[in-house]
Amino acid sequence: MRVITQQTFGGPEVLTIVDAPEPHPLPTEVLVRVKAIGLNPLEALLRAGEFPPLLGQPPFILGWDISGVVEEGPLTYRFRPGDEVFGMPLFPRAGSAYAEVVSAPALHLARKPASLSHVEAAALPVVGLTAWQGLVDLAGVTEGDRVLVHGGGGGVGHVAIQIAKALGAHVIATASGGKRKFVEEFGADEVIDYTAVDFTEAVRDIDVVLDTIGGDTVERSLEVLRPGGHLVTAVAEGDSALAAKYAAAGMRFSGIAVDPDPVALRGLVELVEQGRLRIHVQETFPFERVAVAHRLLDGGHLQGKLVLTV
């Protein structure tokens, strides 16, 4: 099989395609013939050595989001050969998803909804599980809550808007002016153009803030929460000083350490099958053009997700 690996940290040019032996599934694992691979900004940081080394030193194979077809596995356990599946296996350990074949714990996969293509399904797990675990598991969003989603036009953001709406929340999203229509199409009740308006002057009495931006956006979000409100962040989860500041103000502060939870994955599937959740793919690239895709990841400001096809 072919895999995308790297021998050193660096720019997109360090990503190279090589031949490698197919993995052998362990008990409770299945072998998946990969059809599509979702790309995430974290992978660009890991490639460049700009993030705590989850995968250690190169060489390693990046990636977690996959959609594909089961080729091999225990016949009595969850899936059979020919089943179409998707998921985010092994995160934060190496999922080695930039490959034509992946061995994954069956518990970390779900059957692909028929309404999703492999490209769409591969784009969903990391962003979907991040949004679900932030809004459902940590914040416990319920009907009538006022939810502010920072970065509503991004991968996590556009999925979070839909999950919050499905929970009955009133959703406000920050996004650049060019993404206003995009964000509104995914259900945002209000959109704040952060390039023109200071969000702290535009909203008040927010029950839950979901942050995908970091920086001073997290700290300034304290100003818009109602008493006892909850900030959930996907990027500043390790900031103990900021957590203490929120606690001193009587607010809750939580960080998302996303994991491949099968219950949440099935929850995402149910929303898809109900027609209440869809995933936007900005662009697809063939396996061989992974470096081009990573240049877009490095640039940021994406609308939805990027996906490799295999």
# chains A, B, ... in the order shown; residues from 1 in each chain; ligands from 1
>>> select_by_dssp(residues="region 23-75 of chain A", states="alpha helix (DSSP H)", output="VMD selection string")
chain A and resid 41 to 48
>>> write_last_selection(atoms="N, CA and C atoms", output="short mmCIF file (atom, residue, chain, number, x, y, z; two decimals), in the first residue's frame")
data_model
loop_
_atom_site.label_atom_id
_atom_site.label_comp_id
_atom_site.auth_asym_id
_atom_site.auth_seq_id
_atom_site.Cartn_x
_atom_site.Cartn_y
_atom_site.Cartn_z
N PRO A 41 -6.32 21.23 10.75
CA PRO A 41 -5.21 22.16 11.01
C PRO A 41 -4.16 21.60 11.95
N LEU A 42 -4.56 20.78 12.93
CA LEU A 42 -3.60 20.18 13.84
C LEU A 42 -2.51 19.42 13.10
N GLU A 43 -2.88 18.78 12.01
CA GLU A 43 -1.91 17.97 11.27
C GLU A 43 -0.83 18.83 10.62
N ALA A 44 -1.20 20.04 10.19
CA ALA A 44 -0.21 20.95 9.65
C ALA A 44 0.76 21.40 10.73
N LEU A 45 0.26 21.62 11.94
CA LEU A 45 1.13 22.00 13.05
C LEU A 45 2.07 20.86 13.43
N LEU A 46 1.54 19.65 13.47
CA LEU A 46 2.38 18.50 13.77
C LEU A 46 3.45 18.30 12.71
N ARG A 47 3.07 18.45 11.45
CA ARG A 47 4.02 18.31 10.34
C ARG A 47 5.19 19.27 10.50
N ALA A 48 4.87 20.50 10.93
CA ALA A 48 5.88 21.55 11.02
C ALA A 48 6.64 21.53 12.35
#
>>> residues_around(residues="Ala110 (chain A)", least_positions_apart="4", cutoff="8 Å", atoms="only C-alpha atoms", output="NGL selection string")
:A and (85-87 or 106 or 262 or 265-266)
>>> write_last_selection(atoms="N, CA and C atoms", output="CSV table (one decimal), in the first residue's frame")
chain,number,residue,atom,x,y,z
A,85,VAL,N,-17.6,2.4,6.5
A,85,VAL,CA,-17.4,2.9,7.8
A,85,VAL,C,-16.7,4.3,7.8
A,86,PHE,N,-16.8,5.0,8.9
A,86,PHE,CA,-16.0,6.2,9.0
A,86,PHE,C,-15.7,6.4,10.5
A,87,GLY,N,-14.7,7.3,10.8
A,87,GLY,CA,-14.4,7.5,12.2
A,87,GLY,C,-13.0,8.2,12.3
A,106,ALA,N,-12.6,-1.3,16.1
A,106,ALA,CA,-13.9,-1.2,15.6
A,106,ALA,C,-14.8,-0.2,16.4
A,262,PRO,N,-17.6,6.4,20.8
A,262,PRO,CA,-18.5,5.8,19.9
A,262,PRO,C,-20.0,6.3,20.1
A,265,LEU,N,-20.2,9.6,18.3
A,265,LEU,CA,-20.1,9.3,16.8
A,265,LEU,C,-21.5,8.8,16.3
A,266,ARG,N,-22.1,8.0,17.1
A,266,ARG,CA,-23.5,7.6,16.7
A,266,ARG,C,-24.5,8.7,16.8
>>> residues_around(residues="region 120-125 of chain A", least_positions_apart="6", cutoff="9 Å", atoms="only C-alpha atoms", output="NGL selection string")
:A and (35-40 or 64-68 or 85-88 or 112-113 or 155 or 159 or 260 or 265 or 268 or 278-281 or 304-308)
>>> closest_residue(among="A:Leu277, A:Val136, A:Val209, A:Val235", to="Gly187 (chain A)", atoms="only C-alpha atoms")
A:Leu277
>>> select_by_dssp(residues="region 156-304 of chain A", states="strand (DSSP E or B)", output="ChimeraX atom specification")
/A:170-175,190-193,206-211,225-233,252-255,281-286
>>> closest_residue(among="A:Gly128, A:Gly73, A:Pro58, A:Pro81", to="Asp259 (chain A)", atoms="only C-alpha atoms")
A:Gly128
>>> closest_residue(among="A:Ala139, A:Ala257, A:Leu302, A:Val149", to="Gly228 (chain A)", atoms="only C-alpha atoms")
A:Ala139
>>> closest_residue(among="A:Gln162, A:Phe91, A:Val310, A:Leu129", to="Arg289 (chain A)", atoms="only C-alpha atoms")
A:Val310
>>> closest_residue(among="A:Ala175, A:Ala131, A:Val102, A:Val69", to="His24 (chain A)", atoms="only C-alpha atoms")
A:Val102
>>> atom_distance(atom1="CA of Glu29 (chain A)", atom2="CA of Leu107 (chain A)")
8.1 Å
>>> atom_distance(atom1="CA of Ala97 (chain A)", atom2="CA of Gly63 (chain A)")
4.4 Å
>>> atom_distance(atom1="CA of His230 (chain A)", atom2="CA of Val263 (chain A)")
23.1 Å
>>> residues_around(residues="region 167-172 of chain A", least_positions_apart="3", cutoff="7 Å", atoms="only C-alpha atoms", output="list of chain:residue names")
A:Val141, A:Thr142, A:Glu143, A:Gly144, A:Asp145, A:Arg146, A:Val147, A:Leu148, A:Val149, A:Ile161, A:Ile163, A:Ala164, A:Ala188, A:Asp189, A:Glu190, A:Val191
>>> write_last_selection(atoms="N, CA and C atoms", output="CSV table (one decimal), in the first residue's frame")
chain,number,residue,atom,x,y,z
A,141,VAL,N,-25.8,21.9,26.6
A,141,VAL,CA,-26.7,22.8,26.0
A,141,VAL,C,-28.1,22.3,25.9
A,142,THR,N,-29.0,23.1,26.3
A,142,THR,CA,-30.4,22.7,26.3
A,142,THR,C,-31.3,23.8,25.5
A,143,GLU,N,-32.5,23.4,25.3
A,143,GLU,CA,-33.4,24.3,24.5
A,143,GLU,C,-33.5,25.7,25.2
A,144,GLY,N,-33.4,26.7,24.4
A,144,GLY,CA,-33.5,28.1,24.9
A,144,GLY,C,-32.1,28.7,25.3
A,145,ASP,N,-31.1,27.9,25.3
A,145,ASP,CA,-29.8,28.5,25.7
A,145,ASP,C,-29.3,29.4,24.6
A,146,ARG,N,-28.6,30.5,24.9
A,146,ARG,CA,-27.9,31.3,24.0
A,146,ARG,C,-26.5,30.9,23.8
A,147,VAL,N,-26.1,30.5,22.6
A,147,VAL,CA,-24.8,29.9,22.4
A,147,VAL,C,-24.0,30.8,21.4
A,148,LEU,N,-22.8,31.2,21.7
A,148,LEU,CA,-21.9,31.9,20.9
A,148,LEU,C,-20.8,31.0,20.3
A,149,VAL,N,-20.8,30.9,19.0
A,149,VAL,CA,-19.7,30.0,18.4
A,149,VAL,C,-18.7,31.0,17.7
A,161,ILE,N,-22.6,25.0,15.0
A,161,ILE,CA,-23.9,25.7,14.8
A,161,ILE,C,-25.0,24.8,14.6
A,163,ILE,N,-25.3,21.5,15.5
A,163,ILE,CA,-25.6,20.7,16.7
A,163,ILE,C,-26.3,21.6,17.7
A,164,ALA,N,-25.8,22.8,17.9
A,164,ALA,CA,-26.5,23.7,18.9
A,164,ALA,C,-27.9,24.0,18.5
A,188,ALA,N,-27.2,29.7,11.7
A,188,ALA,CA,-26.9,30.7,12.7
A,188,ALA,C,-28.1,31.8,12.8
A,189,ASP,N,-28.6,32.1,14.0
A,189,ASP,CA,-29.6,33.1,14.1
A,189,ASP,C,-29.1,34.5,14.0
A,190,GLU,N,-27.9,34.7,14.4
A,190,GLU,CA,-27.2,36.0,14.3
A,190,GLU,C,-25.7,35.8,13.9
A,191,VAL,N,-25.2,36.7,13.1
A,191,VAL,CA,-23.8,36.6,12.7
A,191,VAL,C,-23.1,37.9,13.0
>>> closest_residue(among="A:Val70, A:Leu90, A:Ala248, A:Ala264", to="Asp137 (chain A)", atoms="only C-alpha atoms")
A:Ala264
